[in-house]
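Listing of start-v7.txt; format and content: compact mmCIF, C-alpha atoms.
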# COMPACT_ATOMS: atom_id res chain seq x y z
CA MET A 1 181.62 -125.70 88.03
CA LYS A 2 179.92 -125.07 84.84
CA LEU A 3 178.35 -121.68 84.24
CA HIS A 4 175.07 -121.96 82.72
CA GLU A 5 174.95 -121.50 79.08
CA LYS A 6 173.97 -118.12 77.94
CA LYS A 7 170.59 -118.09 76.39
CA ILE A 8 170.82 -116.84 72.88
CA LYS A 9 168.10 -114.27 72.37
CA GLY A 10 166.78 -113.68 68.94
CA ALA A 11 167.90 -110.14 68.05
CA GLU A 12 164.90 -108.05 67.09
CA ILE A 13 164.26 -104.48 66.20
CA PRO A 14 161.13 -103.29 67.91
CA THR A 15 158.75 -102.28 65.19
CA ALA A 16 155.73 -101.56 67.28
CA SER A 17 156.50 -97.86 67.52
CA MET A 18 157.39 -97.56 63.85
CA ALA A 19 153.90 -96.46 62.90
CA ASP A 20 153.91 -93.87 65.65
CA ILE A 21 157.16 -92.41 64.43
CA ALA A 22 155.95 -92.37 60.87
CA PHE A 23 152.69 -90.71 61.84
CA LEU A 24 154.49 -88.11 63.87
CA LEU A 25 156.65 -87.15 60.92
CA LEU A 26 153.63 -87.36 58.67
CA ILE A 27 151.66 -84.90 60.74
CA PHE A 28 154.63 -82.56 60.87
CA PHE A 29 154.93 -82.50 57.09
CA MET A 30 151.18 -82.20 56.62
CA VAL A 31 151.12 -79.14 58.82
CA THR A 32 154.12 -77.48 57.21
CA THR A 33 153.11 -78.23 53.63
CA VAL A 34 152.01 -75.32 51.53
CA PHE A 35 150.91 -76.48 48.15
CA ALA A 36 152.23 -74.27 45.43
CA ASN A 37 148.91 -72.89 44.30
CA GLU A 38 149.94 -69.38 43.53
CA VAL A 39 148.34 -67.81 40.53
CA GLY A 40 148.75 -64.55 38.71
CA LEU A 41 149.26 -62.87 35.38
CA GLN A 42 152.32 -63.57 33.34
CA ILE A 43 153.87 -60.76 31.37
CA MET A 44 156.92 -60.54 29.18
CA LEU A 45 158.88 -57.33 29.37
CA PRO A 46 160.55 -55.99 26.24
CA GLU A 47 164.28 -56.29 25.82
CA LYS A 48 166.20 -53.19 26.73
CA GLY A 49 166.69 -50.85 23.83
CA GLU A 50 164.69 -53.11 21.60
CA GLU A 51 162.34 -51.18 19.44
CA VAL A 52 159.63 -52.91 17.61
CA LYS A 53 158.15 -51.01 14.77
CA VAL A 54 154.44 -51.39 14.81
CA LYS A 55 151.99 -50.09 12.32
CA SER A 56 150.24 -47.26 14.05
CA GLU A 57 146.81 -48.44 12.95
CA ASN A 58 147.37 -51.64 14.92
CA ILE A 59 147.96 -49.83 18.16
CA GLN A 60 144.99 -49.59 20.46
CA ARG A 61 145.55 -47.34 23.43
CA ILE A 62 144.08 -48.13 26.78
CA TYR A 63 144.41 -45.47 29.42
CA VAL A 64 144.05 -46.23 33.07
CA GLU A 65 143.18 -43.02 34.85
CA GLU A 66 144.16 -42.00 38.33
CA LYS A 67 140.85 -43.11 39.83
CA GLY A 68 140.70 -46.30 37.83
CA GLU A 69 138.49 -45.19 34.96
CA LEU A 70 139.37 -46.79 31.68
CA ARG A 71 139.55 -45.21 28.29
CA LEU A 72 139.98 -47.07 25.05
CA ASN A 73 141.35 -44.84 22.31
CA GLY A 74 140.00 -41.87 24.19
CA GLU A 75 136.51 -43.25 24.70
CA PRO A 76 135.54 -43.93 28.30
CA VAL A 77 134.60 -47.58 28.81
CA SER A 78 133.60 -49.65 31.79
CA GLN A 79 135.56 -52.74 32.73
CA ASP A 80 132.98 -55.10 31.26
CA GLN A 81 132.67 -53.05 28.13
CA LEU A 82 136.43 -53.23 27.68
CA VAL A 83 136.31 -57.02 27.28
CA ASP A 84 133.66 -56.75 24.58
CA GLU A 85 135.37 -53.86 22.83
CA VAL A 86 138.71 -55.68 22.81
CA LYS A 87 137.06 -58.79 21.41
CA LYS A 88 135.42 -56.68 18.73
CA ILE A 89 138.72 -55.05 17.79
CA LEU A 90 140.46 -58.41 17.66
CA ALA A 91 137.76 -59.83 15.44
CA GLU A 92 138.34 -57.01 12.98
CA ASN A 93 142.11 -56.89 13.22
CA LYS A 94 143.92 -59.81 14.73
CA ASP A 95 147.23 -57.91 14.65
CA ALA A 96 145.95 -55.32 17.09
CA ILE A 97 148.37 -54.43 19.84
CA PHE A 98 147.04 -53.05 23.06
CA SER A 99 149.12 -50.52 24.85
CA ILE A 100 148.21 -49.95 28.47
CA LYS A 101 149.18 -46.57 29.77
CA THR A 102 148.64 -46.04 33.45
CA HIS A 103 148.56 -42.80 35.34
CA PRO A 104 151.59 -42.63 37.69
CA ARG A 105 149.38 -42.06 40.72
CA ALA A 106 146.87 -44.73 39.80
CA GLN A 107 146.76 -47.81 41.96
CA TYR A 108 148.49 -50.95 40.78
CA GLU A 109 145.19 -52.79 41.02
CA TYR A 110 143.67 -50.71 38.22
CA MET A 111 146.46 -51.65 35.84
CA VAL A 112 146.16 -55.31 36.79
CA ASN A 113 142.42 -55.14 36.19
CA ALA A 114 142.93 -53.71 32.71
CA LEU A 115 145.49 -56.42 31.99
CA ASP A 116 143.08 -59.00 33.30
CA LYS A 117 140.37 -57.79 30.94
CA LEU A 118 142.75 -58.10 28.00
CA ARG A 119 143.49 -61.64 29.06
CA LEU A 120 139.80 -62.40 29.33
CA ALA A 121 139.32 -61.13 25.79
CA ASN A 122 142.16 -63.44 24.66
CA ALA A 123 144.37 -60.57 23.56
CA GLU A 124 147.84 -61.97 22.99
CA ARG A 125 149.71 -58.81 22.16
CA TYR A 126 149.87 -56.01 24.63
CA SER A 127 152.44 -53.78 26.18
CA LEU A 128 152.79 -51.51 29.15
CA ALA A 129 153.51 -48.01 27.98
CA PRO A 130 155.68 -45.78 30.14
CA SER A 131 153.45 -43.54 32.18
CA SER A 132 155.73 -40.52 32.15
CA GLU A 133 155.54 -40.17 28.43
CA GLU A 134 152.88 -37.64 27.52
CA MET B 135 120.24 -129.27 68.23
CA LYS B 136 122.25 -126.40 69.43
CA LEU B 137 124.62 -124.64 67.07
CA ILE B 138 127.77 -123.38 68.60
CA ARG B 139 129.05 -120.32 67.06
CA GLU B 140 132.74 -119.91 67.19
CA LYS B 141 133.66 -116.46 68.29
CA VAL B 142 136.29 -114.96 66.06
CA GLN B 143 138.42 -112.35 67.73
CA ALA B 144 137.93 -109.12 65.81
CA THR B 145 141.26 -107.45 65.08
CA ILE B 146 142.33 -104.63 62.89
CA PRO B 147 145.44 -105.57 60.96
CA THR B 148 148.10 -103.14 62.01
CA ALA B 149 151.07 -104.62 60.23
CA SER B 150 150.63 -102.41 57.18
CA MET B 151 149.95 -99.31 59.24
CA ALA B 152 153.59 -98.26 59.14
CA ASP B 153 153.69 -98.75 55.38
CA ILE B 154 150.67 -96.54 54.89
CA ALA B 155 152.09 -93.91 57.18
CA PHE B 156 155.45 -93.95 55.44
CA LEU B 157 153.83 -93.68 52.07
CA LEU B 158 151.92 -90.57 53.12
CA LEU B 159 155.02 -89.27 54.84
CA ILE B 160 157.11 -89.52 51.71
CA PHE B 161 154.35 -87.85 49.70
CA PHE B 162 154.26 -84.86 52.03
CA MET B 163 158.05 -84.68 52.26
CA VAL B 164 158.31 -84.49 48.50
CA THR B 165 155.58 -81.92 48.08
CA THR B 166 156.70 -79.70 50.94
CA THR B 167 158.30 -76.43 50.10
CA PHE B 168 159.36 -74.55 53.15
CA ARG B 169 158.47 -70.91 53.16
CA ALA B 170 161.90 -69.41 52.83
CA GLU B 171 160.89 -65.80 53.01
CA THR B 172 158.37 -63.92 55.04
CA GLY B 173 158.17 -60.97 52.69
CA LEU B 174 155.97 -58.01 53.40
CA GLN B 175 152.33 -57.69 54.29
CA VAL B 176 150.55 -57.17 51.03
CA ILE B 177 147.05 -57.57 49.70
CA ILE B 178 147.48 -58.77 46.16
CA PRO B 179 144.88 -57.82 43.55
CA GLN B 180 142.15 -60.15 42.36
CA VAL B 181 141.89 -61.20 38.74
CA GLU B 182 139.65 -63.45 36.70
CA ALA B 183 142.11 -64.67 34.08
CA ALA B 184 144.65 -66.00 36.55
CA GLU B 185 147.17 -68.59 35.40
CA LYS B 186 149.08 -70.99 37.50
CA MET B 187 152.46 -69.78 38.54
CA PRO B 188 155.45 -71.89 37.55
CA ALA B 189 157.05 -73.49 40.59
CA ARG B 190 160.62 -73.49 39.39
CA ASN B 191 163.13 -70.71 38.74
CA LEU B 192 161.00 -68.38 40.77
CA THR B 193 162.23 -65.48 42.81
CA HIS B 194 159.90 -63.27 44.76
CA ILE B 195 159.77 -59.56 45.23
CA TRP B 196 157.36 -57.83 47.55
CA ILE B 197 156.15 -54.29 47.10
CA SER B 198 154.07 -52.86 49.89
CA LYS B 199 151.62 -50.03 49.58
CA ASN B 200 153.84 -47.64 51.48
CA GLY B 201 156.59 -48.08 48.96
CA LEU B 202 158.81 -50.69 50.60
CA VAL B 203 160.46 -53.23 48.33
CA SER B 204 161.70 -56.53 49.69
CA ILE B 205 163.86 -59.12 47.97
CA ASP B 206 165.15 -62.16 49.88
CA ASP B 207 163.76 -60.70 53.07
CA ALA B 208 165.87 -57.59 52.79
CA LEU B 209 164.48 -54.16 52.17
CA VAL B 210 166.13 -52.69 49.11
CA SER B 211 165.98 -49.34 47.45
CA THR B 212 164.56 -49.25 43.95
CA GLU B 213 167.88 -48.39 42.28
CA ARG B 214 169.57 -51.49 43.61
CA ILE B 215 167.01 -53.92 42.21
CA SER B 216 168.67 -54.15 38.80
CA ASP B 217 172.02 -55.12 40.39
CA ILE B 218 170.42 -57.77 42.53
CA MET B 219 168.39 -59.12 39.64
CA ALA B 220 171.37 -59.11 37.29
CA ARG B 221 173.27 -61.23 39.81
CA LYS B 222 170.34 -63.58 40.19
CA ARG B 223 170.11 -63.88 36.44
CA GLN B 224 173.78 -64.83 36.20
CA ILE B 225 173.16 -67.67 38.61
CA ASN B 226 169.99 -68.78 36.88
CA PRO B 227 169.33 -67.45 33.37
CA ASP B 228 165.79 -68.86 33.33
CA ILE B 229 164.73 -66.75 36.25
CA ILE B 230 161.11 -65.75 36.61
CA VAL B 231 160.21 -62.97 38.97
CA SER B 232 157.00 -63.09 40.89
CA VAL B 233 155.91 -59.60 41.81
CA LYS B 234 153.75 -59.56 44.91
CA ALA B 235 152.62 -56.00 45.01
CA ASP B 236 149.91 -54.52 47.17
CA LYS B 237 146.87 -53.60 45.12
CA SER B 238 146.91 -49.99 46.26
CA THR B 239 150.56 -49.36 45.44
CA GLY B 240 151.05 -46.35 43.24
CA TYR B 241 151.74 -47.32 39.66
CA LYS B 242 154.83 -45.12 39.50
CA LEU B 243 156.71 -47.42 41.86
CA ILE B 244 155.59 -50.53 40.00
CA GLU B 245 156.80 -49.04 36.77
CA ASP B 246 160.16 -48.13 38.29
CA VAL B 247 160.57 -51.69 39.51
CA LEU B 248 159.63 -53.12 36.12
CA ASN B 249 162.15 -50.82 34.48
CA GLU B 250 164.79 -52.14 36.84
CA PHE B 251 163.95 -55.65 35.65
CA VAL B 252 164.37 -54.55 32.06
CA ASP B 253 167.76 -53.06 32.95
CA ALA B 254 168.78 -56.39 34.41
CA SER B 255 167.36 -58.25 31.38
CA VAL B 256 165.03 -60.19 33.62
CA LEU B 257 162.03 -60.25 31.36
CA ARG B 258 159.73 -62.99 32.54
CA ILE B 259 157.49 -61.45 35.13
CA HIS B 260 154.62 -62.91 36.99
CA LEU B 261 152.22 -60.56 38.70
CA ALA B 262 150.89 -62.43 41.69
CA ALA B 263 147.14 -62.20 42.12
CA ARG B 264 144.28 -64.07 43.62
CA LYS B 265 141.69 -65.79 41.52
CA LYS B 266 138.38 -64.02 41.66
CA ARG B 267 135.62 -66.41 42.62
CA GLY B 268 132.20 -66.48 41.10
For this file, write the structure as structure tokens.
Amino acid sequence: MKLHEKKIKGAEIPTASMADIAFLLLIFFMVTTVFANEVGLQIMLPEKGEEVKVKSENIQRIYVEEKGELRLNGEPVSQDQLVDEVKKILAENKDAIFSIKTHPRAQYEYMVNALDKLRLANAERYSLAPSSEE
Amino acid sequence: MKLIREKVQATIPTASMADIAFLLLIFFMVTTTFRAETGLQVIIPQVEAAEKMPARNLTHIWISKNGLVSIDDALVSTERISDIMARKRQINPDIIVSVKADKSTGYKLIEDVLNEFVDASVLRIHLAARKKRG
């Protein structure tokens, strides 16, 4: 007796569900993706022990008071005025260095605002003065 | 004379569906960065002159308004920051620290933290902020 010949089936990978699998993974990654869109202010801290001698006439002092008031070289200024004043100073003396001194109990936000205003006025050189120093 | 219109079966070609899905999938896989740390609950300040934060060599530090400091999801005391940062700097000398501090944090704490960075010679700092709209 002869067994019937085995039918040779064409071997195939089912691809019908491929799109489903891909879309499933796709949706997973879409949901978990957080685009790196963080922004902020970049600052460069001074090297430890490094002392830079600066001509004192180039130093412009900005004080950030406890309640967020700003003073530029002792004169009270508003936030908007600060941008204009800084621009004016830079126009006269492009070597001006702005030193931001913040009251120890002032909120961080006030210091960031002052820094932001310097950035808006395109000031390149600024430093954060230690607040304890009187 | 009667015209006989042949009815063409309307079909959407689905053969390329998987390709499209995979293409999108690969895009999202590449752009995904999983949130490694949860950090602390902070409200970061708003600034106008915000710059884009670099995506590489970044390490995050959270400072909450009640004075907690978190690095790598561990609460640390201020004095230990310089040790941790010095170790991180040994691993990656190009390290950039992103400071996510609450806007109402007292400036004293911020200054202490920044001084710790100087001690550890980690000098590139990024103060995380949100872009002010309008």
Output as JSON lines one row per residue of chain A within 8 Å of chain B: the closest atom pair and its distance in Å to one decimal place, counting only C-alpha atoms, sorted by chain and residue number ascending.
{"residue": "A:Met18", "atom": "CA", "partner": "B:Ala152", "partner_atom": "CA", "distance": 6.1}
{"residue": "A:Ala19", "atom": "CA", "partner": "B:Ala152", "partner_atom": "CA", "distance": 4.2}
{"residue": "A:Asp20", "atom": "CA", "partner": "B:Ala152", "partner_atom": "CA", "distance": 7.9}
{"residue": "A:Ala22", "atom": "CA", "partner": "B:Ala155", "partner_atom": "CA", "distance": 5.6}
{"residue": "A:Phe23", "atom": "CA", "partner": "B:Ala155", "partner_atom": "CA", "distance": 5.7}
{"residue": "A:Leu25", "atom": "CA", "partner": "B:Leu159", "partner_atom": "CA", "distance": 6.6}
{"residue": "A:Leu26", "atom": "CA", "partner": "B:Leu159", "partner_atom": "CA", "distance": 4.5}
{"residue": "A:Phe29", "atom": "CA", "partner": "B:Phe162", "partner_atom": "CA", "distance": 5.6}
{"residue": "A:Met30", "atom": "CA", "partner": "B:Phe162", "partner_atom": "CA", "distance": 6.1}
{"residue": "A:Thr32", "atom": "CA", "partner": "B:Thr166", "partner_atom": "CA", "distance": 7.1}
{"residue": "A:Thr33", "atom": "CA", "partner": "B:Thr166", "partner_atom": "CA", "distance": 4.7}
{"residue": "A:Val34", "atom": "CA", "partner": "B:Thr166", "partner_atom": "CA", "distance": 6.4}
{"residue": "A:Phe35", "atom": "CA", "partner": "B:Thr165", "partner_atom": "CA", "distance": 7.2}
{"residue": "A:Ala36", "atom": "CA", "partner": "B:Ala189", "partner_atom": "CA", "distance": 6.9}
{"residue": "A:Asn37", "atom": "CA", "partner": "B:Lys186", "partner_atom": "CA", "distance": 7.1}
{"residue": "A:Glu38", "atom": "CA", "partner": "B:Met187", "partner_atom": "CA", "distance": 5.6}
{"residue": "A:Val39", "atom": "CA", "partner": "B:Lys186", "partner_atom": "CA", "distance": 4.5}
{"residue": "A:Gly40", "atom": "CA", "partner": "B:Ala262", "partner_atom": "CA", "distance": 4.2}
{"residue": "A:Leu41", "atom": "CA", "partner": "B:Leu261", "partner_atom": "CA", "distance": 5.0}
{"residue": "A:Gln42", "atom": "CA", "partner": "B:His260", "partner_atom": "CA", "distance": 4.4}
{"residue": "A:Ile43", "atom": "CA", "partner": "B:Ile259", "partner_atom": "CA", "distance": 5.3}
{"residue": "A:Met44", "atom": "CA", "partner": "B:Arg258", "partner_atom": "CA", "distance": 5.0}
{"residue": "A:Leu45", "atom": "CA", "partner": "B:Leu257", "partner_atom": "CA", "distance": 4.7}
{"residue": "A:Pro46", "atom": "CA", "partner": "B:Leu257", "partner_atom": "CA", "distance": 6.8}
{"residue": "A:Glu47", "atom": "CA", "partner": "B:Val252", "partner_atom": "CA", "distance": 6.5}
{"residue": "A:Lys48", "atom": "CA", "partner": "B:Val252", "partner_atom": "CA", "distance": 5.8}
{"residue": "A:Thr102", "atom": "CA", "partner": "B:Tyr241", "partner_atom": "CA", "distance": 7.1}
{"residue": "A:His103", "atom": "CA", "partner": "B:Tyr241", "partner_atom": "CA", "distance": 7.0}
{"residue": "A:Pro104", "atom": "CA", "partner": "B:Lys242", "partner_atom": "CA", "distance": 4.5}
{"residue": "A:Arg105", "atom": "CA", "partner": "B:Gly240", "partner_atom": "CA", "distance": 5.2}
{"residue": "A:Ala106", "atom": "CA", "partner": "B:Tyr241", "partner_atom": "CA", "distance": 5.5}
{"residue": "A:Gln107", "atom": "CA", "partner": "B:Gly240", "partner_atom": "CA", "distance": 4.7}
{"residue": "A:Tyr108", "atom": "CA", "partner": "B:Tyr241", "partner_atom": "CA", "distance": 5.0}
{"residue": "A:Glu109", "atom": "CA", "partner": "B:Lys237", "partner_atom": "CA", "distance": 4.5}
{"residue": "A:Met111", "atom": "CA", "partner": "B:Tyr241", "partner_atom": "CA", "distance": 7.8}
{"residue": "A:Val112", "atom": "CA", "partner": "B:Pro179", "partner_atom": "CA", "distance": 7.3}
{"residue": "A:Asn113", "atom": "CA", "partner": "B:Val181", "partner_atom": "CA", "distance": 6.6}
{"residue": "A:Asp116", "atom": "CA", "partner": "B:Ala183", "partner_atom": "CA", "distance": 5.8}
{"residue": "A:Lys117", "atom": "CA", "partner": "B:Ala183", "partner_atom": "CA", "distance": 7.8}
{"residue": "A:Arg119", "atom": "CA", "partner": "B:Ala183", "partner_atom": "CA", "distance": 6.0}
{"residue": "A:Leu120", "atom": "CA", "partner": "B:Ala183", "partner_atom": "CA", "distance": 5.7}
{"residue": "A:Pro130", "atom": "CA", "partner": "B:Glu245", "partner_atom": "CA", "distance": 7.5}
{"residue": "A:Ser131", "atom": "CA", "partner": "B:Lys242", "partner_atom": "CA", "distance": 7.6}
Could you tell me how far CA of Gly201 (chain B) lies from CA of Lys67 (chain A), in Å and to one decimal?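 Here the two named atoms are 18.9 Å from each other.
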Distance CA of Asn200 (chain B)-CA of Tyr126 (chain A), one decimal place?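 About the pair CA of Asn200 (chain B) and CA of Tyr126 (chain A): they are 28.4 Å apart.
One finds CA of Leu118 (chain A) at 11.3 Å from CA of Gln81 (chain A).
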Within 9 Å of Gln175 (chain B), counting only C-alpha atoms, which residues show up once you throw out same-chain ones fewer than 6 positions away? Write them as a PDB file with C-alpha atoms, keeping the file's coordinate frame, please.
ATOM      1  CA  TRP B 196     157.360 -57.830  47.550  1.00  0.00           C
ATOM      2  CA  ILE B 197     156.150 -54.290  47.100  1.00  0.00           C
ATOM      3  CA  SER B 198     154.070 -52.860  49.890  1.00  0.00           C
ATOM      4  CA  ASP B 236     149.910 -54.520  47.170  1.00  0.00           C
TER       5      ASP B 236
END
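You can rank A:Val31, A:Leu24, A:Ile89, A:Ile97 by their closest distance to Ser56 (chain A) using all atoms listed in the file, and at the top of that list sits A:Ile97.
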Compare A:Leu115, A:Val77, A:Ile100, A:Val54 by their minimum atom-to-atom distance to Leu128 (chain A), counting all atoms listed in the file, and give me the closest one.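 Closest residue, counting all atoms listed in the file: A:Ile100.
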